[in-house]
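To start, the structure itself, in structure tokens.
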Protein chains: 4
Amino acid sequence: MTRTLITNGMIVSATGRASGDVLIDGETIAAILAPGQAAGLGISADRTIDATGKYVVPGGIDVHTHMELPFGGTEASDTFETGTVAAAWGGVTTIVDFAVQNTNTSVHERLAEWHEKAAGNCAIDYGFHQIIGGVDEESLKAMTYLVDNEGITSFKLFMAYPGVLYSDDGQILRAMQNASESGAMIMMHAENGIAIDVLVAQSIARGDTDPRFHSLTRPAEMEGEATHRAIQLAKVAGNVPLYIVHMSASEALEEVAAAQHAGLNVFGETCPQYLYLSLEDHLAQPGFEGAKWVCSTPLRTKHQHHQNDLWKGLRMNELAIVSTDHCPFCFKDQKELGLGDFSKIPNGIGGVEHRMELLYQGVVTGEISLERWVETCATTPARMFGLDRKGEIAPGFDADVLIWDPNNRTKIGINDKHHMNMDHSAYEGFEIDGKVDTVISRGTVVVENDTFVGKVGHGKYVKRGLSRYLH
Amino acid sequence: MTRTLITNGMIVSATGRASGDVLIDGETIAAILAPGQAAGLGISADRTIDATGKYVVPGGIDVHTHMELPFGGTEASDTFETGTVAAAWGGVTTIVDFAVQNTNTSVHERLAEWHEKAAGNCAIDYGFHQIIGGVDEESLKAMTYLVDNEGITSFKLFMAYPGVLYSDDGQILRAMQNASESGAMIMMHAENGIAIDVLVAQSIARGDTDPRFHSLTRPAEMEGEATHRAIQLAKVAGNVPLYIVHMSASEALEEVAAAQHAGLNVFGETCPQYLYLSLEDHLAQPGFEGAKWVCSTPLRTKHQHHQNDLWKGLRMNELAIVSTDHCPFCFKDQKELGLGDFSKIPNGIGGVEHRMELLYQGVVTGEISLERWVETCATTPARMFGLDRKGEIAPGFDADVLIWDPNNRTKIGINDKHHMNMDHSAYEGFEIDGKVDTVISRGTVVVENDTFVGKVGHGKYVKRGLSRYLH
Amino acid sequence: MTRTLITNGMIVSATGRASGDVLIDGETIAAILAPGQAAGLGISADRTIDATGKYVVPGGIDVHTHMELPFGGTEASDTFETGTVAAAWGGVTTIVDFAVQNTNTSVHERLAEWHEKAAGNCAIDYGFHQIIGGVDEESLKAMTYLVDNEGITSFKLFMAYPGVLYSDDGQILRAMQNASESGAMIMMHAENGIAIDVLVAQSIARGDTDPRFHSLTRPAEMEGEATHRAIQLAKVAGNVPLYIVHMSASEALEEVAAAQHAGLNVFGETCPQYLYLSLEDHLAQPGFEGAKWVCSTPLRTKHQHHQNDLWKGLRMNELAIVSTDHCPFCFKDQKELGLGDFSKIPNGIGGVEHRMELLYQGVVTGEISLERWVETCATTPARMFGLDRKGEIAPGFDADVLIWDPNNRTKIGINDKHHMNMDHSAYEGFEIDGKVDTVISRGTVVVENDTFVGKVGHGKYVKRGLSRYLH
Amino acid sequence: MTRTLITNGMIVSATGRASGDVLIDGETIAAILAPGQAAGLGISADRTIDATGKYVVPGGIDVHTHMELPFGGTEASDTFETGTVAAAWGGVTTIVDFAVQNTNTSVHERLAEWHEKAAGNCAIDYGFHQIIGGVDEESLKAMTYLVDNEGITSFKLFMAYPGVLYSDDGQILRAMQNASESGAMIMMHAENGIAIDVLVAQSIARGDTDPRFHSLTRPAEMEGEATHRAIQLAKVAGNVPLYIVHMSASEALEEVAAAQHAGLNVFGETCPQYLYLSLEDHLAQPGFEGAKWVCSTPLRTKHQHHQNDLWKGLRMNELAIVSTDHCPFCFKDQKELGLGDFSKIPNGIGGVEHRMELLYQGVVTGEISLERWVETCATTPARMFGLDRKGEIAPGFDADVLIWDPNNRTKIGINDKHHMNMDHSAYEGFEIDGKVDTVISRGTVVVENDTFVGKVGHGKYVKRGLSRYLH
């Protein structure tokens, strides 16, 4: 096995930082050493990476991606191959994607489909959550099986998208009861889809068809409402752990924070788009341009406190995790399916490549600490979703490492840093005061010197355990 | 026209009390006079009622009754005749009952049915709310028509009872938007019926079929949840006035109070059963006895703070109104439909006769003030639901008067005071430190000397205006 | 005795409105009659006032005035004579002023002084609260005596003004315990004066001496803090009724609202200046001009939600009463005492004449209902402070009546309507869509036809009972 | 330098756990190694400690102790020698004690006194917070100096104990402003001492002199009040970091949680006595026995939710740290000073030896996770108070290590485990499912085989940096 020694870096964890060396042996972190100890102990390595002036942090973990997702008559434009390569470019060493079950389809068959899409095609490690779009006797039984046998310990339900992925409150309750017994986590897309569909139909009927109406027909109250409802159902179901995905509204944050204050295992996730982008500046751009930023939950107005509140929530751990909800569509031919009718625009923003960068900029501007960057982007994702050997620079853990250069810069954009399979970037022109320097996946360098040096197929499926983040 | 003079009483209003005389001329209050002024002004009357030592208050208004309601394969046991006579016995001079529209039936036809049931059969005045059980284009159009033409300015929706009266959130939103435009009030049965039906089915399947499981399968969280949801939908619908009926849970009260603190026109109603009765002491009585107290929302456990909180809410005007949700069923043959399966027990408690008495006991025990008794049982109901000539002892108003004797007592029970068409009483054995003395409906004495002296058919339909209680 | 009949007006109460006539017999309201009944009953009067097209409401009650108050080396510029005449001009028929006790002075002697100032000099009725500026054995004993014998049932304490009127938390607790026993109300000036004095001294030391620094050194947090503290002390003292005076900050409102939600007898008062005037538009006017608006609590920034929140609080009864805190000082020679040092500017704004007008404008703009105007300006003040025969148009009550013309206009200003003894107006240029038409004090017309026709000395001292507003 | 290798243990951090070895070189942790790596890398050690089946965690840090504190006419019974030896017995490797300045004494002189007490007498490392009991120009200047030069970055103020350590709100504000500039942390004893002193005097005057009245005269509302006040002052002072010590009441917890929800740097500390002991079971023991449990803030009633809420707060990080407020007094001669007058009982409970044990029992009973035990007892204390090389098992950090045996048991009591200089134990008879096995302080084993093998004088003064825990 190959030994790699990362020397002279500043190792940053969720709780602190210290100078030190990291010794990698094969795929695993073998040791962390105080400065000078490697030499003192006579430790040699096949390769030494000098991290002087750089941060050595656990590789990013993005627990919310949708590669090759069929949606709205098309398919997310990143394959597991292009998507995981882009992720690696962004300092991400693990994704957790979603296998999708719908009404009248088999959980097992659909999961198998997703395994087939991913197997052998990933540049970094990957896991799966299972979407349950059709809660019934069979899918409930399958949920238990997946927890016990398949390393899938989290199940996503939808309160939005009636007729597609929507579960009614009775179905939600039953799935939650099931998870409560198996110890699994319920992930929730919390928007009141039934009410929203009325607003959407009314908007279209009025001739309000531009992309910005996508946000105006999904009021923040309807995100807050669904979040509250999910929390109450979780209580009735026996206090099942509940994770609210892609939160964009203060109203939803208030509900999650209140639940936490009550001592419940309720957790919040947000995404870079909600921290940086807005209805006015992006979604409401003239003509059809705003289609690039159609995603659900939607971008919110900047004239209320949503962004400030989300940053605050992130600081105070009311929001535990930042993911991307990476769900890329090209403008040409894909987003354009919704020309003249915003409700037909495929929902999604691509960002798997830029989360570490965008959140690091929050460190630069003082929104969060360096430790909190590591915690929300790697350590907590691993703990929350049972990635038992990932998320920390710790002996015995997988050697997933990001070396970050705080003294370099990154410019994001279609002609700058951009490796996702998209014909545009949601973050075009953003500049970051820091840069992905070197990325190591299970001991193998996959990005260095501005070059992807990894191998498609290197990434392995990771069976996950139960959450280690519960109170 | 006949003149009646009520002398020497203590006239109590929502804001104070003062000795004085009330002059009634025909059906109307002609004057209120300071003590001695009637003589001084040489006013004579056909009849003088001496109210020395008694309270003279506006006749009770019960805005939530269900006479002759078809429900669960049977029909509420009080007709408009028996029910309004019992109401008069209880010091009530106006009821507002509910006409019921379901999916695929016509609002207009159903309203006509209810008019037919009531017309000529009532001992006191009555109005109607309209239940909309099937929100669609036609029923929405009918809502507007009823506000403009029929004196029906409030519409009740159900978040419970899927397949029977249930509206989904999209239907609720549409009905609320309609009411927001016409100025009408939305009344809401706020329980998450979809989730509750799952719990009920599971309980029955487990063999937990006794009456107490009726409460255990309708958790307080599901009342709080639906209340929150209704409030959020009301905001999205343009801040339509929203009135939550028969609140029994602290969780729901918290939501209403929070909405009021936010400045919204959200109002709460509770009923005597939630203030006095409990799961343990009543619904959980051995065998099938508890069936008497099966109503929805259900009686709650006494081991949490529900009753204290409701009394507090009543004191602080977080709850604006006390009604009865009078929906009587006999034990024999009716309640017994649910032998072996609590979900088949007709839901309802009869109480139209006892609200004024039971709430007055709250005055005696110091829970509410005398003024607040008048306000919650008469003045606010009239203002809330546009009964423009009722609810106050004021010149020009309908001469609906209750003379209450605080120095007498009332014993409630099947062999004591009991005039409803029921073979049992939910309040059997309750004793009240006060008594209905004389009841006057539009100038006509209907109860005096422990005798009903009114006439069936005296009661007239009252067209109601828009709410005069909005902020 | 003289009989006056007010005919054809719209009588407005806290709970509703109805056409009718008001018969006054001597000093008392003798009867309220439905339209036409006066003639029908053959009632004649010495004088008939035609109120067609006008509102007939209870005379305004201003429970917070400071006539002839010694303060900051000068004295409030209105005497009881000029102040009560101005009040009458403003539709006010009762004031409750404050007798002041300080450390080392006798409550009884100071009260006697105030009686001497007022007796025979008032155009309208008046009562007194007692300020206790020096809580000790003797003053505590006096408090009980005043409740039992002198018709003084409310005591004001100061958390501001150390060394002048300030009580420390131990003194507050003792005074509250005393009031808790006697049934009296505690009124609180809630600002953290100890902390504020530090900020003031620092501001002066920095050279920040302009009037606007008066507000900047009294942060809203320090009003909220003191309000919270007063509430907690009131709980510890046995849930004594607590009335927070002149609230200007959202932070304080939040505390009062939370206490009410908890079921406590905690009440809030605000004043027109906090509803209409602001730091930026008034206090921060160039040069020394802002001195006109130096009052404590101070005017707040308009860039937060203070004014909106106060209006909301007024609507929802989180604020129960609007008073003026009338404490007038002339600009010349009085306000000018603080040239070069805002802390030396006498604190106070004159407004006793304009409260009914300014608040009515809130009815016109839709902030509050007509009924709420009556309730907050007359009915609740009377109930709150035990003015047992005032605050309502009700038989047997004092004939204190304001006839208000909604079809006329009022322009406020030094050369327009202005009768207070001040050389400027805090509301210069304000225009009101309504007008004081006729004012009757205990049966005597004191203002009509734009003329003061009352008599100094007509006003009598009113002994007050305990609060009738407690929950 | 000596090399020690701890092998085969389960290394537990605030964020996770993993098998591994810890290599200590001299006083420092040299490396953490994956299982087997020490051998693989040919690492030898002078001593190997087999930690099979045991937890290897950072040594406990108790940031709230009072050795040799003069108080109430006597002195805390543990010297720095006896106290730090007892601490070591309890798995604690660092304490932060308090130097005390009072009115009219010099911060520098008093700090020198405390250095003299401790220097050369400690078995483990120690730091100092500075109590400022007399805020004035000189002490404020000294505060800055201590931050810049003396490694003292936290200052404790008292809202209790008027005339002894009490600061008024103006003094608090000034000290907070000073800390806001230097970056220091303000620690607050948050109880309204002015009001409490009134209650105490009244209680004594009534003859209510037993120890239990110590709690009854310090109502939870007065802890909540002071906590709220401190938070508001901290906002006004420029959002200075604020740490509320020894929280015992739900009311205080609510305030801290609300501040955190608002995004403020406000932190809470509790102590084992508040988690396990109560008014009824301990303080109210017959006769004078309860004196053992007289401490401030006091033990609370078990009939409210204080203990449950505190555990919840600890779980959810509303409470960040558990300390002991170790302030031991013997019953004989010391506690007995208050015979017949509870207010003369020296305030304090000894517990420095038992915190790790008592909190571990919370892990056993499921109140907190193993990781949270480490976080609240070691990692967060170090981060909060700038102990930059302590609180984690991390290369380069001080080799302060506790090896904990989860398969052994501890019985606490005067004849069982008890090494503090006290003639009784507040936790007499408590049994813990776990045991301190081995304790290492800066590389030196100080406790092993149930024997103290350390050396008085080994412990060094630690200069602290600014807090690394701010949001």
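Please note that chains go A, B, ... in the order of the structure tokens, that every chain numbers its residues from 1, and that ligands are numbered from 1 in the order shown.
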Could you list, with a cut-off of 7 Å and counting only C-alpha atoms, the residues of chain D near chain C, each shown with its nearest atom pair and the distance in Å rounded to one decimal, rows sorted by chain and ascending number, as a Markdown table?
```
| residue | atom | partner | partner_atom | distance |
| --- | --- | --- | --- | --- |
| D:Asp169 | CA | C:Ala195 | CA | 5.4 |
| D:Gly170 | CA | C:Ala195 | CA | 4.3 |
| D:Leu173 | CA | C:Ala195 | CA | 6.5 |
| D:Ile194 | CA | C:Gly170 | CA | 5.3 |
| D:Ala195 | CA | C:Gly170 | CA | 4.3 |
| D:Val198 | CA | C:Gly170 | CA | 5.8 |
| D:Glu221 | CA | C:Gln232 | CA | 6.0 |
| D:Glu225 | CA | C:Arg229 | CA | 5.8 |
| D:Arg229 | CA | C:Glu225 | CA | 5.8 |
| D:Gln232 | CA | C:Glu221 | CA | 6.0 |
```
Those residues you just picked out, can you put them in a file as a PDB file, in the first residue's frame with all heavy atoms?
```pdb
ATOM      1  N   ASP D 169     -26.483  48.077  37.290  1.00  0.00           N
ATOM      2  CA  ASP D 169     -26.580  47.927  35.834  1.00  0.00           C
ATOM      3  C   ASP D 169     -25.662  48.892  35.083  1.00  0.00           C
ATOM      4  O   ASP D 169     -25.220  48.590  33.969  1.00  0.00           O
ATOM      5  CB  ASP D 169     -28.031  48.125  35.375  1.00  0.00           C
ATOM      6  CG  ASP D 169     -28.940  47.008  35.862  1.00  0.00           C
ATOM      7  OD1 ASP D 169     -28.427  45.985  36.361  1.00  0.00           O
ATOM      8  OD2 ASP D 169     -30.170  47.155  35.749  1.00  0.00           O
ATOM      9  N   GLY D 170     -25.383  50.020  35.669  1.00  0.00           N
ATOM     10  CA  GLY D 170     -24.449  50.958  35.049  1.00  0.00           C
ATOM     11  C   GLY D 170     -23.029  50.411  35.081  1.00  0.00           C
ATOM     12  O   GLY D 170     -22.283  50.501  34.096  1.00  0.00           O
ATOM     13  N   LEU D 173     -22.837  47.617  32.606  1.00  0.00           N
ATOM     14  CA  LEU D 173     -22.748  48.140  31.245  1.00  0.00           C
ATOM     15  C   LEU D 173     -21.329  48.593  30.921  1.00  0.00           C
ATOM     16  O   LEU D 173     -20.795  48.280  29.851  1.00  0.00           O
ATOM     17  CB  LEU D 173     -23.734  49.303  31.077  1.00  0.00           C
ATOM     18  CG  LEU D 173     -23.823  49.914  29.686  1.00  0.00           C
ATOM     19  CD1 LEU D 173     -24.289  48.885  28.664  1.00  0.00           C
ATOM     20  CD2 LEU D 173     -24.774  51.106  29.684  1.00  0.00           C
ATOM     21  N   ILE D 194     -30.963  42.513  44.603  1.00  0.00           N
ATOM     22  CA  ILE D 194     -31.632  43.594  45.331  1.00  0.00           C
ATOM     23  C   ILE D 194     -33.021  43.132  45.786  1.00  0.00           C
ATOM     24  O   ILE D 194     -33.419  43.320  46.939  1.00  0.00           O
ATOM     25  CB  ILE D 194     -31.754  44.843  44.429  1.00  0.00           C
ATOM     26  CG1 ILE D 194     -30.375  45.324  43.967  1.00  0.00           C
ATOM     27  CG2 ILE D 194     -32.517  45.952  45.148  1.00  0.00           C
ATOM     28  CD1 ILE D 194     -29.547  45.975  45.027  1.00  0.00           C
ATOM     29  N   ALA D 195     -33.752  42.525  44.872  1.00  0.00           N
ATOM     30  CA  ALA D 195     -35.078  42.022  45.235  1.00  0.00           C
ATOM     31  C   ALA D 195     -34.972  40.834  46.183  1.00  0.00           C
ATOM     32  O   ALA D 195     -35.740  40.708  47.143  1.00  0.00           O
ATOM     33  CB  ALA D 195     -35.856  41.636  43.976  1.00  0.00           C
ATOM     34  N   VAL D 198     -34.566  41.652  49.818  1.00  0.00           N
ATOM     35  CA  VAL D 198     -35.831  42.018  50.473  1.00  0.00           C
ATOM     36  C   VAL D 198     -36.575  40.756  50.915  1.00  0.00           C
ATOM     37  O   VAL D 198     -37.055  40.650  52.048  1.00  0.00           O
ATOM     38  CB  VAL D 198     -36.715  42.867  49.526  1.00  0.00           C
ATOM     39  CG1 VAL D 198     -38.140  42.990  50.066  1.00  0.00           C
ATOM     40  CG2 VAL D 198     -36.095  44.244  49.317  1.00  0.00           C
ATOM     41  N   GLU D 221     -38.075  33.178  39.018  1.00  0.00           N
ATOM     42  CA  GLU D 221     -38.315  34.392  38.219  1.00  0.00           C
ATOM     43  C   GLU D 221     -37.173  35.390  38.367  1.00  0.00           C
ATOM     44  O   GLU D 221     -36.897  36.158  37.441  1.00  0.00           O
ATOM     45  CB  GLU D 221     -39.618  35.077  38.658  1.00  0.00           C
ATOM     46  CG  GLU D 221     -40.880  34.390  38.222  1.00  0.00           C
ATOM     47  CD  GLU D 221     -41.327  33.322  39.211  1.00  0.00           C
ATOM     48  OE1 GLU D 221     -40.585  33.044  40.196  1.00  0.00           O
ATOM     49  OE2 GLU D 221     -42.417  32.768  39.014  1.00  0.00           O
ATOM     50  N   GLU D 225     -35.184  36.769  35.347  1.00  0.00           N
ATOM     51  CA  GLU D 225     -35.159  38.233  35.172  1.00  0.00           C
ATOM     52  C   GLU D 225     -33.731  38.713  34.966  1.00  0.00           C
ATOM     53  O   GLU D 225     -33.443  39.443  34.013  1.00  0.00           O
ATOM     54  CB  GLU D 225     -35.787  38.905  36.394  1.00  0.00           C
ATOM     55  CG  GLU D 225     -35.913  40.406  36.296  1.00  0.00           C
ATOM     56  CD  GLU D 225     -34.615  41.146  36.491  1.00  0.00           C
ATOM     57  OE1 GLU D 225     -33.901  40.896  37.475  1.00  0.00           O
ATOM     58  OE2 GLU D 225     -34.274  41.989  35.631  1.00  0.00           O
ATOM     59  N   ARG D 229     -31.989  40.541  31.758  1.00  0.00           N
ATOM     60  CA  ARG D 229     -31.382  41.872  31.894  1.00  0.00           C
ATOM     61  C   ARG D 229     -29.929  41.865  31.429  1.00  0.00           C
ATOM     62  O   ARG D 229     -29.502  42.748  30.691  1.00  0.00           O
ATOM     63  CB  ARG D 229     -31.488  42.316  33.354  1.00  0.00           C
ATOM     64  CG  ARG D 229     -30.956  43.713  33.626  1.00  0.00           C
ATOM     65  CD  ARG D 229     -31.636  44.362  34.836  1.00  0.00           C
ATOM     66  NE  ARG D 229     -31.912  43.426  35.907  1.00  0.00           N
ATOM     67  CZ  ARG D 229     -31.246  43.363  37.073  1.00  0.00           C
ATOM     68  NH1 ARG D 229     -30.272  44.220  37.314  1.00  0.00           N
ATOM     69  NH2 ARG D 229     -31.575  42.467  37.991  1.00  0.00           N
ATOM     70  N   GLN D 232     -29.818  41.877  27.684  1.00  0.00           N
ATOM     71  CA  GLN D 232     -30.147  43.171  27.073  1.00  0.00           C
ATOM     72  C   GLN D 232     -28.984  44.162  27.249  1.00  0.00           C
ATOM     73  O   GLN D 232     -28.675  44.927  26.332  1.00  0.00           O
ATOM     74  CB  GLN D 232     -31.436  43.744  27.687  1.00  0.00           C
ATOM     75  CG  GLN D 232     -32.646  42.854  27.493  1.00  0.00           C
ATOM     76  CD  GLN D 232     -32.854  42.431  26.053  1.00  0.00           C
ATOM     77  OE1 GLN D 232     -32.814  43.246  25.140  1.00  0.00           O
ATOM     78  NE2 GLN D 232     -33.029  41.138  25.825  1.00  0.00           N
TER      79      GLN D 232
END
```
**Shell of 10 Å around stretch 180-189 of chain A, only C-alpha atoms, local chain residues under 2 positions omitted, as JSON, numbers by chain** = {"A": [129, 130, 131, 143, 144, 145, 146, 147, 148, 152, 153, 154, 155, 156, 157, 158, 159, 160, 161, 166, 172, 174, 175, 176, 177, 178, 191, 192, 193, 223, 226, 227, 230, 231, 234, 237, 238, 239, 240, 241, 242, 243, 244, 245, 246, 247, 265, 266, 267, 268, 269, 296, 297, 384, 385, 465, 466, 467, 470]}
**Item:** Which of stretch 193-319 of chain C fall in helix (DSSP H, G or I), as number ranges by chain
**Value:** C: 193-206, 213-216, 220-236, 250-261, 272-276, 279-283, 289-293, 306-315
**Item:** strand (DSSP E or B) positions in stretch 95-222 of chain B, given as a ChimeraX atom specification
**Value:** /B:95-101,125-132,154-158,166,185-189
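When only C-alpha atoms are used to compute distances to D:His282, the closest of the residues D:Gly90, D:Pro328, D:Gly313, D:Pro211 turns out to be D:Pro211.
Once C:Pro35 and its same-chain neighbours fewer than 4 positions away are set aside, B:Ala30, B:Ala31, B:Pro395, B:Gly396, C:Thr7, C:Asn8, C:Gly9, C:Ala18, C:Ser19, C:Gly20, C:Asp21, C:Val22, C:Ala39, C:Gly40 remain within 10 Å of it when counting only C-alpha atoms.
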**Request:** Excluding stretch 390-394 of chain C and any residue of its chain fewer than 6 positions from it, enumerate the residues within 10 Å of it, using only C-alpha atoms, and give them as number ranges by chain.
**Result:** B: 15-20, 32-34, 394; C: 11-14, 22, 28-32, 56-61, 93-94, 374-375, 377-383, 400-402, 442
**Item:** Close residues, B:Gly72 itself excluded, 10 Å, only C-alpha atoms, min 3 positions apart in chain, as number ranges by chain
**Value:** B: 69, 75-76, 164, 334-335, 337-338, 343-347
**Item:** Surrounding residues of C:Lys463 excluding itself and chain neighbours under 6 positions, 9 Å, only C-alpha atoms, as a PyMOL selection string
**Value:** chain C and resi 126-128+149-153+386-387
Kindly save the residues from that selection, with all heavy atoms included, as a CSV table (one decimal), in the first residue's frame.
```
chain,number,residue,atom,x,y,z
C,126,TYR,N,-61.4,65.5,37.7
C,126,TYR,CA,-60.0,65.1,37.8
C,126,TYR,C,-59.9,64.1,38.9
C,126,TYR,O,-60.6,64.1,39.9
C,126,TYR,CB,-59.1,66.2,37.9
C,126,TYR,CG,-59.3,67.0,39.2
C,126,TYR,CD1,-58.5,66.8,40.4
C,126,TYR,CD2,-60.3,68.0,39.3
C,126,TYR,CE1,-58.8,67.5,41.5
C,126,TYR,CE2,-60.5,68.7,40.5
C,126,TYR,CZ,-59.8,68.4,41.6
C,126,TYR,OH,-60.0,69.1,42.7
C,127,GLY,N,-58.9,63.2,38.8
C,127,GLY,CA,-58.5,62.3,39.9
C,127,GLY,C,-57.0,62.3,40.0
C,127,GLY,O,-56.3,63.0,39.2
C,128,PHE,N,-56.5,61.6,41.0
C,128,PHE,CA,-55.1,61.5,41.1
C,128,PHE,C,-54.6,60.1,41.2
C,128,PHE,O,-55.2,59.3,41.9
C,128,PHE,CB,-54.6,62.3,42.4
C,128,PHE,CG,-54.7,63.8,42.3
C,128,PHE,CD1,-55.4,64.5,43.3
C,128,PHE,CD2,-54.1,64.5,41.3
C,128,PHE,CE1,-55.5,65.9,43.2
C,128,PHE,CE2,-54.1,65.9,41.2
C,128,PHE,CZ,-54.8,66.6,42.2
C,149,ASN,N,-59.1,55.3,51.8
C,149,ASN,CA,-59.8,56.5,52.2
C,149,ASN,C,-59.8,57.6,51.2
C,149,ASN,O,-60.7,58.5,51.3
C,149,ASN,CB,-59.1,57.0,53.5
C,149,ASN,CG,-59.2,56.0,54.6
C,149,ASN,OD1,-60.2,55.9,55.3
C,149,ASN,ND2,-58.1,55.3,54.8
C,150,GLU,N,-58.9,57.6,50.3
C,150,GLU,CA,-58.7,58.8,49.5
C,150,GLU,C,-59.1,58.7,48.0
C,150,GLU,O,-59.0,59.6,47.2
C,150,GLU,CB,-57.3,59.3,49.5
C,150,GLU,CG,-56.9,59.8,51.0
C,150,GLU,CD,-57.6,61.0,51.4
C,150,GLU,OE1,-58.0,61.8,50.6
C,150,GLU,OE2,-57.7,61.2,52.7
C,151,GLY,N,-59.6,57.5,47.7
C,151,GLY,CA,-60.0,57.3,46.3
C,151,GLY,C,-58.8,57.3,45.3
C,151,GLY,O,-58.9,57.6,44.1
C,152,ILE,N,-57.6,56.9,45.9
C,152,ILE,CA,-56.4,56.8,45.0
C,152,ILE,C,-56.0,55.3,45.0
C,152,ILE,O,-55.6,54.8,46.1
C,152,ILE,CB,-55.3,57.7,45.5
C,152,ILE,CG1,-55.7,59.1,45.3
C,152,ILE,CG2,-54.0,57.4,44.8
C,152,ILE,CD1,-54.7,60.2,45.7
C,153,THR,N,-56.2,54.7,43.9
C,153,THR,CA,-56.0,53.2,43.8
C,153,THR,C,-54.9,52.8,42.9
C,153,THR,O,-54.9,51.6,42.4
C,153,THR,CB,-57.4,52.6,43.4
C,153,THR,OG1,-57.7,53.2,42.2
C,153,THR,CG2,-58.5,52.9,44.4
C,386,GLY,N,-60.9,52.5,37.9
C,386,GLY,CA,-62.0,52.6,38.9
C,386,GLY,C,-62.8,53.9,38.8
C,386,GLY,O,-63.2,54.4,39.9
C,387,LEU,N,-62.9,54.5,37.7
C,387,LEU,CA,-63.8,55.6,37.5
C,387,LEU,C,-65.2,55.1,37.3
C,387,LEU,O,-65.6,54.9,36.1
C,387,LEU,CB,-63.4,56.5,36.4
C,387,LEU,CG,-62.0,57.2,36.6
C,387,LEU,CD1,-61.4,57.7,35.3
C,387,LEU,CD2,-62.2,58.4,37.5
```
**Asked** So what do you get for atom CA of D:Ile349 versus atom CA of D:Phe98, distance-wise?
**Response** 15.8 Å
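The gap separating atom CA of A:Glu251 from atom CA of A:Leu310 is 10.5 Å, in Å to one decimal.
Distance check against B:Tyr360 using only C-alpha atoms: of B:His458, B:Arg300, B:His326, B:Arg409, the minimum falls on B:Arg409.
Nearest to C:Ala426 of all the residues C:Glu109, C:Asp208, C:Glu137, C:Glu353 is C:Glu353, based on only C-alpha atoms.
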**Request:** Would you kindly return, as a ChimeraX atom specification, each protein, DNA or RNA residue with an atom no farther than 8 Å from any atom of B:Thr82, considering only C-alpha atoms and excluding same-chain residues fewer than 5 positions away?
**Result:** /B:419-421
Would you export the selected residues with N, CA and C atoms as a PDB file, in the first residue's frame, please?
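Below is the file that was written, part-v6.pdb:
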```pdb
ATOM      1  N   HIS B 419     -84.144  19.455  28.991  1.00  0.00           N
ATOM      2  CA  HIS B 419     -85.230  19.572  28.022  1.00  0.00           C
ATOM      3  C   HIS B 419     -84.816  19.209  26.602  1.00  0.00           C
ATOM      4  N   MET B 420     -83.581  18.817  26.427  1.00  0.00           N
ATOM      5  CA  MET B 420     -83.136  18.405  25.093  1.00  0.00           C
ATOM      6  C   MET B 420     -83.658  16.987  24.818  1.00  0.00           C
ATOM      7  N   ASN B 421     -83.773  16.647  23.562  1.00  0.00           N
ATOM      8  CA  ASN B 421     -84.291  15.328  23.193  1.00  0.00           C
ATOM      9  C   ASN B 421     -83.175  14.286  23.244  1.00  0.00           C
TER      10      ASN B 421
END
```
